[in-house]
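Quick look at run13.csv (CSV, C-alpha atoms):
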```csv
chain,number,residue,atom,x,y,z
A,1,MET,CA,-188.0,-53.7,-164.0
A,2,SER,CA,-189.7,-50.5,-163.1
A,3,ASP,CA,-192.8,-52.5,-162.2
A,4,ASP,CA,-190.9,-54.4,-159.5
A,5,ARG,CA,-189.6,-51.1,-158.0
A,6,ASN,CA,-193.1,-49.8,-158.1
A,7,THR,CA,-194.7,-52.7,-156.2
A,8,ARG,CA,-192.0,-52.8,-153.6
A,9,GLU,CA,-192.2,-49.1,-152.7
A,10,THR,CA,-195.9,-49.0,-152.7
A,11,ALA,CA,-196.1,-51.9,-150.3
A,12,GLY,CA,-193.4,-50.4,-148.1
A,13,ASP,CA,-195.5,-47.3,-147.8
A,14,GLN,CA,-198.6,-49.0,-146.6
A,15,THR,CA,-196.9,-51.1,-143.9
A,16,GLY,CA,-193.7,-49.4,-142.9
A,17,THR,CA,-193.7,-45.6,-142.9
A,18,GLY,CA,-197.2,-45.0,-141.8
A,19,GLY,CA,-197.0,-47.1,-138.6
A,20,ILE,CA,-200.8,-47.3,-138.6
A,21,GLY,CA,-200.5,-49.3,-141.8
A,22,ARG,CA,-204.0,-50.8,-142.0
A,23,ARG,CA,-205.9,-47.6,-141.0
A,24,ALA,CA,-203.8,-45.5,-143.4
A,25,PHE,CA,-204.6,-48.0,-146.1
A,26,LEU,CA,-208.3,-47.9,-145.3
A,27,GLY,CA,-208.2,-44.2,-145.3
A,28,ALA,CA,-206.6,-44.1,-148.7
A,29,ALA,CA,-209.1,-46.6,-150.0
A,30,GLY,CA,-211.9,-44.4,-148.7
A,31,ALA,CA,-210.5,-41.4,-150.4
A,32,VAL,CA,-210.4,-43.3,-153.7
A,33,ALA,CA,-214.0,-44.3,-153.3
A,34,VAL,CA,-215.1,-40.8,-152.6
A,35,LEU,CA,-213.1,-39.4,-155.5
A,36,ALA,CA,-214.3,-42.0,-158.0
A,37,PRO,CA,-217.4,-40.3,-159.2
A,38,GLY,CA,-215.4,-37.1,-159.7
A,39,LEU,CA,-212.8,-39.0,-161.7
A,40,GLY,CA,-215.5,-40.5,-163.9
A,41,LEU,CA,-216.6,-37.0,-164.7
A,42,ALA,CA,-213.1,-35.7,-165.3
A,43,ALA,CA,-212.4,-38.6,-167.6
A,44,HIS,CA,-215.3,-37.5,-169.8
A,45,ALA,CA,-214.9,-33.8,-169.4
A,46,PHE,CA,-212.8,-33.4,-172.5
A,47,GLU,CA,-213.0,-35.2,-175.7
A,48,ALA,CA,-210.6,-36.7,-178.2
A,49,ARG,CA,-209.6,-34.2,-180.9
A,50,PRO,CA,-210.6,-35.8,-184.2
A,51,ASP,CA,-208.0,-36.7,-186.8
A,52,GLY,CA,-206.9,-33.7,-189.0
A,53,VAL,CA,-207.9,-31.0,-186.4
A,54,PRO,CA,-205.1,-28.9,-184.9
A,55,ALA,CA,-204.7,-28.2,-181.2
A,56,SER,CA,-206.7,-25.1,-180.3
A,57,SER,CA,-206.1,-22.1,-178.0
A,58,LYS,CA,-209.7,-22.6,-176.8
A,59,HIS,CA,-208.1,-25.1,-174.3
A,60,ARG,CA,-205.4,-24.7,-171.8
A,61,TRP,CA,-204.4,-27.9,-170.3
A,62,GLY,CA,-203.4,-27.9,-166.7
A,63,MET,CA,-202.9,-30.1,-163.7
A,64,LEU,CA,-203.8,-29.7,-160.0
A,65,VAL,CA,-201.8,-31.6,-157.4
A,66,ASP,CA,-203.1,-31.9,-153.9
A,67,THR,CA,-199.8,-32.4,-152.0
A,68,THR,CA,-201.7,-33.4,-148.8
A,69,LYS,CA,-202.6,-36.6,-150.6
A,70,CYS,CA,-199.2,-37.3,-152.1
A,71,LYS,CA,-197.7,-40.1,-150.1
A,72,SER,CA,-194.1,-40.7,-149.1
A,73,ASN,CA,-192.3,-43.5,-150.9
A,74,CYS,CA,-195.0,-43.6,-153.6
A,75,HIS,CA,-193.7,-43.4,-157.1
A,76,VAL,CA,-196.6,-44.6,-159.2
A,77,CYS,CA,-196.7,-41.4,-161.2
A,78,VAL,CA,-193.0,-41.6,-162.0
A,79,ASP,CA,-193.2,-45.2,-162.9
A,80,ALA,CA,-196.3,-44.8,-165.1
A,81,CYS,CA,-194.6,-41.8,-166.8
A,82,ASN,CA,-191.4,-43.9,-167.5
A,83,LYS,CA,-193.4,-46.7,-168.9
A,84,GLU,CA,-195.7,-44.6,-171.0
A,85,ASN,CA,-193.0,-42.6,-172.5
A,86,GLY,CA,-190.4,-45.3,-173.0
A,87,LEU,CA,-187.9,-44.0,-170.5
A,88,TYR,CA,-185.5,-46.7,-169.6
A,89,GLU,CA,-182.9,-46.7,-166.8
A,90,GLU,CA,-179.6,-45.8,-168.4
A,91,ALA,CA,-176.2,-47.3,-167.8
A,92,ASP,CA,-175.5,-44.5,-165.3
A,93,PRO,CA,-178.9,-44.1,-163.4
A,94,LYS,CA,-178.3,-40.5,-162.7
A,95,ASP,CA,-178.4,-39.9,-166.5
A,96,THR,CA,-181.9,-41.5,-166.8
A,97,ALA,CA,-184.4,-39.0,-168.2
A,98,GLN,CA,-186.8,-37.6,-165.7
A,99,TYR,CA,-190.1,-36.2,-166.9
A,100,ILE,CA,-191.4,-36.1,-163.3
A,101,ARG,CA,-189.3,-35.8,-160.1
A,102,LYS,CA,-190.8,-36.6,-156.8
A,103,LEU,CA,-189.6,-34.0,-154.2
A,104,THR,CA,-189.6,-34.1,-150.4
A,105,VAL,CA,-190.2,-30.7,-148.8
A,106,HIS,CA,-189.3,-30.4,-145.1
A,107,ASP,CA,-189.8,-27.5,-142.7
A,108,PRO,CA,-186.9,-27.8,-140.2
A,109,ASP,CA,-188.8,-25.8,-137.5
A,110,THR,CA,-192.1,-27.7,-137.4
A,111,GLY,CA,-190.8,-30.9,-138.9
A,112,TYR,CA,-193.7,-30.8,-141.4
A,113,THR,CA,-192.7,-32.9,-144.3
A,114,HIS,CA,-194.6,-33.3,-147.5
A,115,TYR,CA,-194.1,-34.6,-151.0
A,116,LEU,CA,-194.9,-33.4,-154.5
A,117,PRO,CA,-194.3,-34.4,-158.0
A,118,VAL,CA,-192.7,-31.7,-160.2
A,119,MET,CA,-192.8,-32.0,-163.9
A,120,CYS,CA,-192.8,-29.5,-166.8
A,121,GLN,CA,-195.2,-26.8,-165.5
A,122,HIS,CA,-196.4,-25.9,-169.0
A,123,CYS,CA,-196.1,-22.2,-168.5
A,124,THR,CA,-197.9,-19.4,-170.4
A,125,HIS,CA,-194.6,-17.6,-170.7
A,126,PRO,CA,-192.0,-20.4,-170.6
A,127,ALA,CA,-188.4,-19.4,-170.0
A,128,CYS,CA,-187.3,-22.5,-172.1
A,129,VAL,CA,-189.1,-21.1,-175.1
A,130,ALA,CA,-187.7,-17.6,-174.6
A,131,VAL,CA,-184.0,-18.7,-174.5
A,132,CYS,CA,-184.1,-21.4,-177.2
A,133,PRO,CA,-181.8,-20.3,-180.0
A,134,THR,CA,-183.3,-22.5,-182.7
A,135,GLY,CA,-187.0,-22.4,-182.0
A,136,ALA,CA,-187.1,-26.0,-181.0
A,137,SER,CA,-188.7,-25.2,-177.6
A,138,PHE,CA,-192.2,-24.2,-178.3
A,139,LYS,CA,-195.7,-24.0,-176.9
A,140,ARG,CA,-198.6,-25.6,-178.6
A,141,ALA,CA,-201.8,-23.7,-179.1
A,142,ASP,CA,-203.4,-25.5,-176.2
A,143,GLY,CA,-200.6,-24.6,-173.8
A,144,ILE,CA,-198.5,-27.8,-173.9
A,145,VAL,CA,-194.8,-26.9,-173.9
A,146,LEU,CA,-192.8,-29.3,-176.1
A,147,VAL,CA,-189.4,-29.8,-177.7
A,148,ASP,CA,-189.3,-30.1,-181.4
A,149,ARG,CA,-186.4,-32.6,-181.5
A,150,HIS,CA,-186.0,-32.2,-185.2
A,151,ILE,CA,-184.7,-28.7,-184.6
A,152,CYS,CA,-183.1,-29.1,-181.1
A,153,ILE,CA,-179.3,-28.9,-181.3
A,154,GLY,CA,-178.8,-30.1,-177.7
A,155,CYS,CA,-177.4,-26.8,-176.4
A,156,ARG,CA,-179.2,-27.2,-173.1
A,157,TYR,CA,-180.0,-23.5,-172.6
A,158,CYS,CA,-183.5,-24.5,-171.8
A,159,MET,CA,-182.3,-26.7,-169.0
A,160,MET,CA,-180.5,-23.8,-167.4
A,161,ALA,CA,-183.4,-21.5,-167.9
A,162,CYS,CA,-186.1,-23.7,-166.4
A,163,PRO,CA,-186.6,-22.9,-162.7
A,164,TYR,CA,-188.3,-26.3,-162.3
A,165,LYS,CA,-185.5,-28.4,-163.6
A,166,ALA,CA,-188.1,-30.0,-165.8
A,167,ARG,CA,-185.9,-31.0,-168.7
A,168,SER,CA,-183.4,-33.8,-169.3
A,169,PHE,CA,-180.7,-34.3,-171.9
A,170,ASP,CA,-180.5,-37.6,-173.7
A,171,GLU,CA,-176.9,-38.8,-173.7
A,172,TYR,CA,-177.5,-42.3,-174.9
A,173,THR,CA,-178.3,-44.1,-178.2
A,174,GLU,CA,-181.9,-45.1,-177.6
A,175,LYS,CA,-183.6,-48.3,-178.6
A,176,ASN,CA,-187.3,-49.4,-178.3
A,177,GLN,CA,-188.7,-46.0,-178.4
A,178,LYS,CA,-192.5,-45.6,-178.3
A,179,TRP,CA,-193.8,-44.5,-181.7
A,180,TYR,CA,-195.5,-41.4,-180.1
A,181,ASN,CA,-192.4,-40.4,-178.2
A,182,PRO,CA,-189.4,-40.6,-180.6
A,183,ARG,CA,-186.4,-39.8,-178.4
A,184,GLY,CA,-182.7,-40.0,-179.2
A,185,LEU,CA,-179.1,-39.0,-178.5
A,186,GLY,CA,-178.2,-35.4,-178.3
A,187,CYS,CA,-181.6,-33.8,-177.7
A,188,VAL,CA,-183.4,-32.3,-174.7
A,189,GLU,CA,-186.7,-33.7,-173.7
A,190,GLY,CA,-189.3,-33.3,-171.0
A,191,CYS,CA,-192.8,-33.9,-169.9
A,192,THR,CA,-195.2,-33.7,-172.8
A,193,MET,CA,-198.3,-33.7,-170.6
A,194,CYS,CA,-198.8,-37.0,-172.5
A,195,ALA,CA,-200.0,-34.9,-175.4
A,196,HIS,CA,-200.6,-38.1,-177.3
A,197,LEU,CA,-203.1,-39.3,-174.7
A,198,VAL,CA,-204.6,-35.9,-174.1
A,199,ASP,CA,-205.3,-35.6,-177.8
A,200,GLU,CA,-207.1,-38.9,-177.6
A,201,GLY,CA,-209.3,-37.6,-174.8
A,202,LYS,CA,-207.4,-39.4,-172.0
A,203,ASP,CA,-205.7,-38.2,-168.8
A,204,PRO,CA,-201.9,-38.1,-168.8
A,205,ALA,CA,-200.3,-41.4,-167.5
A,206,CYS,CA,-199.2,-40.0,-164.2
A,207,VAL,CA,-202.7,-38.7,-163.3
A,208,THR,CA,-204.3,-42.0,-164.2
A,209,ALA,CA,-201.8,-44.0,-162.1
A,210,CYS,CA,-202.0,-41.6,-159.1
A,211,ASN,CA,-205.8,-42.0,-159.1
A,212,LYS,CA,-205.7,-45.7,-159.6
A,213,THR,CA,-202.9,-46.9,-157.2
A,214,GLY,CA,-201.4,-43.8,-155.8
A,215,GLY,CA,-202.8,-41.2,-153.4
A,216,GLY,CA,-205.4,-39.7,-155.8
A,217,ALA,CA,-203.6,-36.4,-155.6
A,218,MET,CA,-203.8,-35.3,-159.2
A,219,VAL,CA,-206.4,-33.8,-161.4
A,220,PHE,CA,-206.0,-33.1,-165.1
A,221,GLY,CA,-208.2,-30.8,-167.1
A,222,ASP,CA,-208.9,-27.7,-169.1
A,223,LEU,CA,-208.2,-24.5,-167.2
A,224,LYS,CA,-210.2,-22.5,-169.8
A,225,ASP,CA,-213.4,-24.6,-169.3
A,226,PRO,CA,-215.2,-23.2,-166.3
A,227,THR,CA,-217.1,-26.4,-165.8
A,228,SER,CA,-214.1,-28.6,-165.6
A,229,GLU,CA,-213.2,-30.1,-162.2
A,230,ILE,CA,-209.8,-28.4,-162.3
A,231,SER,CA,-211.3,-25.0,-163.0
A,232,LYS,CA,-213.9,-25.3,-160.3
A,233,ARG,CA,-211.3,-26.3,-157.7
A,234,VAL,CA,-208.8,-23.6,-158.7
A,235,ALA,CA,-211.7,-21.1,-158.4
A,236,THR,CA,-212.8,-22.2,-154.9
A,237,GLU,CA,-209.7,-23.7,-153.2
A,238,GLN,CA,-206.4,-22.3,-152.2
A,239,THR,CA,-204.0,-23.3,-155.0
A,240,THR,CA,-200.5,-22.2,-155.6
A,241,GLN,CA,-198.2,-22.0,-158.6
A,242,ILE,CA,-194.5,-22.8,-157.7
A,243,ARG,CA,-192.5,-19.6,-158.1
A,244,ALA,CA,-195.5,-17.6,-159.2
A,245,ASP,CA,-193.3,-14.5,-158.7
A,246,LEU,CA,-191.4,-15.3,-161.8
A,247,GLY,CA,-194.5,-14.4,-163.8
A,248,MET,CA,-194.3,-17.5,-166.1
A,249,ASP,CA,-197.9,-18.6,-165.2
A,250,PRO,CA,-197.5,-22.3,-164.8
A,251,GLY,CA,-200.4,-24.5,-165.9
A,252,VAL,CA,-199.6,-27.0,-163.0
A,253,ARG,CA,-201.1,-25.9,-159.7
A,254,TYR,CA,-200.5,-27.2,-156.2
A,255,GLU,CA,-202.5,-27.4,-153.0
A,256,GLY,CA,-201.0,-27.7,-149.6
A,257,ILE,CA,-197.6,-26.3,-150.2
B,1,MET,CA,-175.4,-33.1,-207.6
B,2,ALA,CA,-178.2,-34.4,-205.4
B,3,VAL,CA,-180.7,-33.7,-208.1
B,4,MET,CA,-178.7,-35.8,-210.6
B,5,VAL,CA,-178.5,-38.7,-208.1
B,6,LEU,CA,-182.3,-38.4,-207.7
B,7,SER,CA,-183.1,-38.4,-211.3
B,8,ALA,CA,-180.9,-41.4,-211.7
B,9,VAL,CA,-183.0,-43.2,-209.1
B,10,ALA,CA,-186.2,-42.0,-210.7
B,11,LEU,CA,-185.2,-43.2,-214.1
B,12,GLY,CA,-183.9,-46.4,-212.7
B,13,SER,CA,-187.2,-47.0,-210.9
B,14,ALA,CA,-189.1,-46.5,-214.1
B,15,ALA,CA,-186.7,-49.0,-215.6
B,16,HIS,CA,-187.2,-51.6,-212.9
B,17,ALA,CA,-190.9,-51.4,-213.5
B,18,GLY,CA,-190.2,-52.1,-217.2
B,19,SER,CA,-188.4,-55.0,-218.8
B,20,ASP,CA,-184.8,-54.1,-218.6
B,21,ALA,CA,-184.7,-54.1,-214.8
B,22,GLY,CA,-181.8,-56.4,-214.6
B,23,ALA,CA,-179.7,-54.2,-216.8
B,24,HIS,CA,-178.1,-52.4,-213.9
B,25,ALA,CA,-176.0,-54.7,-211.8
B,26,GLY,CA,-176.1,-53.6,-208.1
B,27,TRP,CA,-179.2,-51.5,-208.6
B,28,PRO,CA,-181.1,-51.3,-205.2
B,29,HIS,CA,-183.8,-53.8,-204.7
B,30,ILE,CA,-186.8,-51.8,-203.5
B,31,THR,CA,-189.1,-54.0,-201.3
B,32,LYS,CA,-192.8,-54.2,-202.0
B,33,PRO,CA,-195.2,-52.8,-199.5
B,34,ILE,CA,-197.1,-55.3,-197.3
B,35,LYS,CA,-200.3,-53.6,-197.8
B,36,GLY,CA,-202.0,-50.9,-199.9
B,37,THR,CA,-202.4,-50.7,-203.6
B,38,HIS,CA,-201.3,-47.1,-204.0
B,39,CYS,CA,-198.9,-44.9,-202.2
B,40,VAL,CA,-200.0,-41.7,-200.5
B,41,LYS,CA,-199.2,-39.8,-203.7
B,42,PRO,CA,-198.3,-41.0,-207.2
B,43,VAL,CA,-195.0,-42.9,-207.3
B,44,PRO,CA,-193.1,-40.4,-209.4
B,45,TYR,CA,-194.0,-37.7,-206.9
B,46,MET,CA,-192.9,-39.9,-204.0
B,47,LEU,CA,-189.6,-40.6,-205.7
B,48,ARG,CA,-188.9,-37.0,-206.1
B,49,TYR,CA,-190.5,-35.4,-203.0
B,50,HIS,CA,-191.0,-38.0,-200.2
B,51,PHE,CA,-188.6,-36.1,-197.9
B,52,ASP,CA,-190.4,-32.8,-198.5
B,53,LEU,CA,-193.6,-34.5,-197.5
B,54,LEU,CA,-192.1,-35.8,-194.3
B,55,LEU,CA,-190.4,-32.5,-193.5
B,56,HIS,CA,-193.7,-30.7,-193.9
B,57,GLN,CA,-195.6,-33.3,-192.0
B,58,ARG,CA,-193.5,-33.2,-188.8
B,59,GLU,CA,-194.4,-29.5,-188.5
B,60,ILE,CA,-198.0,-30.3,-188.8
B,61,THR,CA,-198.1,-33.2,-186.4
B,62,LEU,CA,-195.7,-32.0,-183.8
B,63,ARG,CA,-196.2,-28.3,-183.7
B,64,LYS,CA,-199.9,-28.0,-184.7
B,65,GLY,CA,-200.9,-31.2,-183.0
B,66,VAL,CA,-202.7,-32.7,-186.1
B,67,HIS,CA,-203.0,-36.5,-185.9
B,68,GLY,CA,-204.0,-39.2,-188.3
B,69,SER,CA,-202.4,-37.7,-191.4
B,70,LYS,CA,-201.5,-40.1,-194.2
B,71,TYR,CA,-198.1,-38.5,-194.5
B,72,ASP,CA,-197.0,-39.5,-191.0
B,73,LEU,CA,-193.8,-41.4,-190.9
B,74,THR,CA,-195.5,-44.0,-188.8
B,75,ASN,CA,-198.0,-44.4,-191.7
B,76,CYS,CA,-195.2,-45.0,-194.3
B,77,ILE,CA,-193.8,-47.7,-192.0
B,78,SER,CA,-197.2,-49.4,-191.6
B,79,CYS,CA,-197.3,-50.1,-195.4
B,80,HIS,CA,-193.6,-50.3,-196.4
B,81,VAL,CA,-192.3,-52.5,-193.6
B,82,ASN,CA,-191.6,-56.2,-194.3
B,83,LYS,CA,-191.8,-59.3,-192.3
B,84,ASN,CA,-189.2,-62.1,-191.9
B,85,ALA,CA,-189.9,-65.8,-192.3
B,86,ASN,CA,-191.1,-66.0,-188.7
B,87,GLY,CA,-193.7,-63.3,-189.4
B,88,GLN,CA,-191.8,-60.7,-187.3
B,89,TYR,CA,-191.4,-57.2,-188.6
B,90,ILE,CA,-187.9,-56.3,-189.9
B,91,PRO,CA,-186.8,-52.8,-189.0
B,92,ILE,CA,-187.5,-50.5,-191.9
B,93,ASN,CA,-184.0,-49.1,-191.9
B,94,ALA,CA,-182.2,-52.5,-191.8
B,95,PRO,CA,-179.9,-53.3,-194.7
B,96,GLY,CA,-182.0,-54.0,-197.9
B,97,GLN,CA,-185.2,-52.7,-196.3
B,98,PHE,CA,-187.4,-50.0,-197.8
B,99,CYS,CA,-185.9,-46.8,-196.3
B,100,GLN,CA,-182.3,-48.2,-196.5
B,101,SER,CA,-181.7,-49.7,-200.0
B,102,CYS,CA,-182.1,-46.6,-202.1
B,103,HIS,CA,-180.3,-44.4,-199.6
B,104,GLU,CA,-177.4,-46.8,-199.4
B,105,TYR,CA,-177.2,-46.7,-203.2
B,106,ALA,CA,-177.5,-42.9,-203.4
B,107,ALA,CA,-175.2,-42.3,-200.4
B,108,VAL,CA,-178.0,-40.6,-198.5
B,109,HIS,CA,-177.8,-40.7,-194.7
B,110,ILE,CA,-180.9,-40.1,-192.6
B,111,ASP,CA,-181.0,-40.0,-188.8
B,112,CYS,CA,-184.7,-40.3,-188.5
B,113,PHE,CA,-184.5,-43.8,-187.0
B,114,SER,CA,-182.2,-42.9,-184.2
B,115,CYS,CA,-185.5,-41.6,-182.6
B,116,HIS,CA,-188.4,-42.9,-184.6
B,117,ALA,CA,-189.6,-46.5,-184.2
B,118,THR,CA,-188.6,-48.7,-187.1
B,119,THR,CA,-191.5,-51.2,-186.9
B,120,PRO,CA,-195.3,-50.6,-186.6
B,121,GLN,CA,-196.4,-50.5,-183.0
B,122,GLY,CA,-199.6,-48.6,-183.3
B,123,GLY,CA,-198.8,-45.6,-185.4
B,124,GLY,CA,-200.5,-45.0,-188.8
B,125,ASP,CA,-203.3,-47.3,-189.7
B,126,ASP,CA,-202.5,-49.7,-186.8
B,127,GLN,CA,-203.0,-46.9,-184.3
B,128,THR,CA,-206.0,-48.4,-182.4
B,129,ALA,CA,-205.0,-52.0,-182.8
B,130,ALA,CA,-201.8,-51.8,-180.8
B,131,ARG,CA,-203.1,-49.6,-178.0
```

Can you dump the structure from the file as structure tokens?
Amino acid sequence: MSDDRNTRETAGDQTGTGGIGRRAFLGAAGAVAVLAPGLGLAAHAFEARPDGVPASSKHRWGMLVDTTKCKSNCHVCVDACNKENGLYEEADPKDTAQYIRKLTVHDPDTGYTHYLPVMCQHCTHPACVAVCPTGASFKRADGIVLVDRHICIGCRYCMMACPYKARSFDEYTEKNQKWYNPRGLGCVEGCTMCAHLVDEGKDPACVTACNKTGGGAMVFGDLKDPTSEISKRVATEQTTQIRADLGMDPGVRYEGI
Amino acid sequence: MAVMVLSAVALGSAAHAGSDAGAHAGWPHITKPIKGTHCVKPVPYMLRYHFDLLLHQREITLRKGVHGSKYDLTNCISCHVNKNANGQYIPINAPGQFCQSCHEYAAVHIDCFSCHATTPQGGGDDQTAAR
């Protein structure tokens, strides 16, 4: 189901919105080709954590999103996320869990419009953790912010506290959950930065999808490793944290916003 | 109260291994694992403490991020699940299945499977196979 949606909207983007369909398409293809070696490096820049070894504070996982490459009507990151994490469209679609939201930002004066995916920003000082009354909201040693659903009582304080609207509440009795993402009625959930993939040395599903069939806008990596692609780019390019003024130090950085 | 129920199960289990298994009418039928010769701990320990192991393990896996532990719930399922006549997995919490029969008998209610997968899909020993 989500695959159909995915194909339709990607196709629409290449022919319709752009107007210069073929050239835009070639441009995108070129960008992918140029990026490819970098991606290869990024994919091997971090390794699987062996069985039995806990997550370590030697790493801080982060993402960098270049919004100038994030295309209108492209949802491959969202679709890949839904598929990977076993998020299905609920009876009332507005209740469907959203680990990533695709936002459109429009400047009314200049007409400049751009797009960005917003997911859990995996903050150093997460508001969701600060307000959680049970300790269910927590930050793993490597900076990934998670919900311990065994302890979550579904009070939704974290949803109120999060300035990024990154969390969803599960109002349905779930079936067909993925073994690595057990989700169910009455608990809050959100982007896990695909911890199950990261722990295996792989990029999160959204990043992989964006680089494969999307705009190639996303990079995942270790902010504490100065040789990682993400660290080098954060050091040399103009990157932004959304609402940096709140002092929560998000691990997701953006360019072009 | 709970302890009494438990010791009843433990005793009964010893009994069902022995000769007078049929002595208790309505005693839960505990399904045999599809693989493995030993449990992750000796059976008497498992009978008494399996829930403590699981409680402890979820902290280790989820909060500390340690993978591949033998006490993972997914690992219990990979051995203790059963297949039907068509060779398909039966959910481990279905009536009469491993995590259900004793609990039904002892009036224990667990909510684990409202979230956790009930058949192997790649957790535990099958981790790489299914991915």

>> Taking only C-alpha atoms into account, find every residue of chain A that has an atom no more than 8 Å from chain B, and write it out as a list in words.
In response: Pro50, Asp51, Gly52, Val53, Pro54, Ala55, Phe138, Arg140, Ala141, Asp148, Thr173, Glu174, Lys175, Asn176, Gln177, Lys178, Trp179, Tyr180, Asn181, Pro182, Arg183, Gly184 and Leu185 of chain A

>> As an exercise, work out the distance from CA of Phe169 in chain A to CA of Ala209 in chain A in Å and give it to one decimal place.
In response: 25.2 Å

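If you look at CA of Ala80 in chain A and CA of Thr104 in chain A, they are 19.4 Å away from each other.
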
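With distances restricted to all atoms listed in the file, A:Pro117 is the closest residue to Leu103 in chain A from A:Gly216, A:Gly135, A:Pro117, A:Pro226.
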
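Residues surrounding range 81-93 of chain B within 7 Å are Pro33, Ile34, Ile77, Gln97, Phe98, Cys99, Gln100, Thr118 and Thr119 of chain B [only C-alpha atoms; sequence separation below 4 positions excluded].
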
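Taking CA of Gly62 in chain A and CA of Ile230 in chain A as endpoints, the distance between them is 7.8 Å.
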
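Proximity to Cys76 in chain B was assessed for B:Leu54, B:Val43, B:Val108, B:Cys102 counting all atoms listed in the file; the smallest distance is recorded for B:Leu54.
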
> Of the candidates A:Cys191, A:Ala48, A:Ser57, A:Asp66, which shows the shortest atom-to-atom distance to Asn211 in chain A, using all atoms listed in the file?
Replying inline: A:Asp66

>> With all atoms listed in the file as the counted atoms, please give the residues lying no more than 10 Å from Arg101 in chain A, apart from itself and same-chain residues fewer than 5 positions off, as number ranges by chain.
In response: A: 75, 77-78, 116-120, 164-166

Enclose all atoms of range 107-116 of chain B listed in the file in an axis-aligned box, grow every side by 4 Å, and hand back centre and edge lengths in Å to one decimal, as lines of an AutoDock Vina configuration file.
```
center_x = -181.8
center_y = -41.9
center_z = -191.5
size_x = 21.2
size_y = 11.8
size_z = 25.8
```

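In terms of minimum interatomic distance to Asn73 in chain A, A:Tyr115 ranks closest within A:Cys210, A:Tyr115, A:Cys152, A:Asp222, counting only C-alpha atoms.
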
> Near Ser168 in chain A, counting all atoms listed in the file, which residues have an atom at most 10 Å away, once you skip same-chain residues fewer than 6 positions from it, shown as JSON, numbers by chain?
Replying inline: {"A": [95, 96, 97, 98, 99, 156, 158, 159, 187, 188, 189, 190, 191]}

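The residues that lie within 9 Å of the point (-206.4, -23.8, -158.8), counting all atoms listed in the file, are Met63, Leu64, Leu223, Ile230, Ser231, Lys232, Arg233, Val234, Ala235, Thr236, Glu237, Gln238, Thr239, Thr240, Gln241, Val252, Arg253, Tyr254 and Glu255 of chain A.
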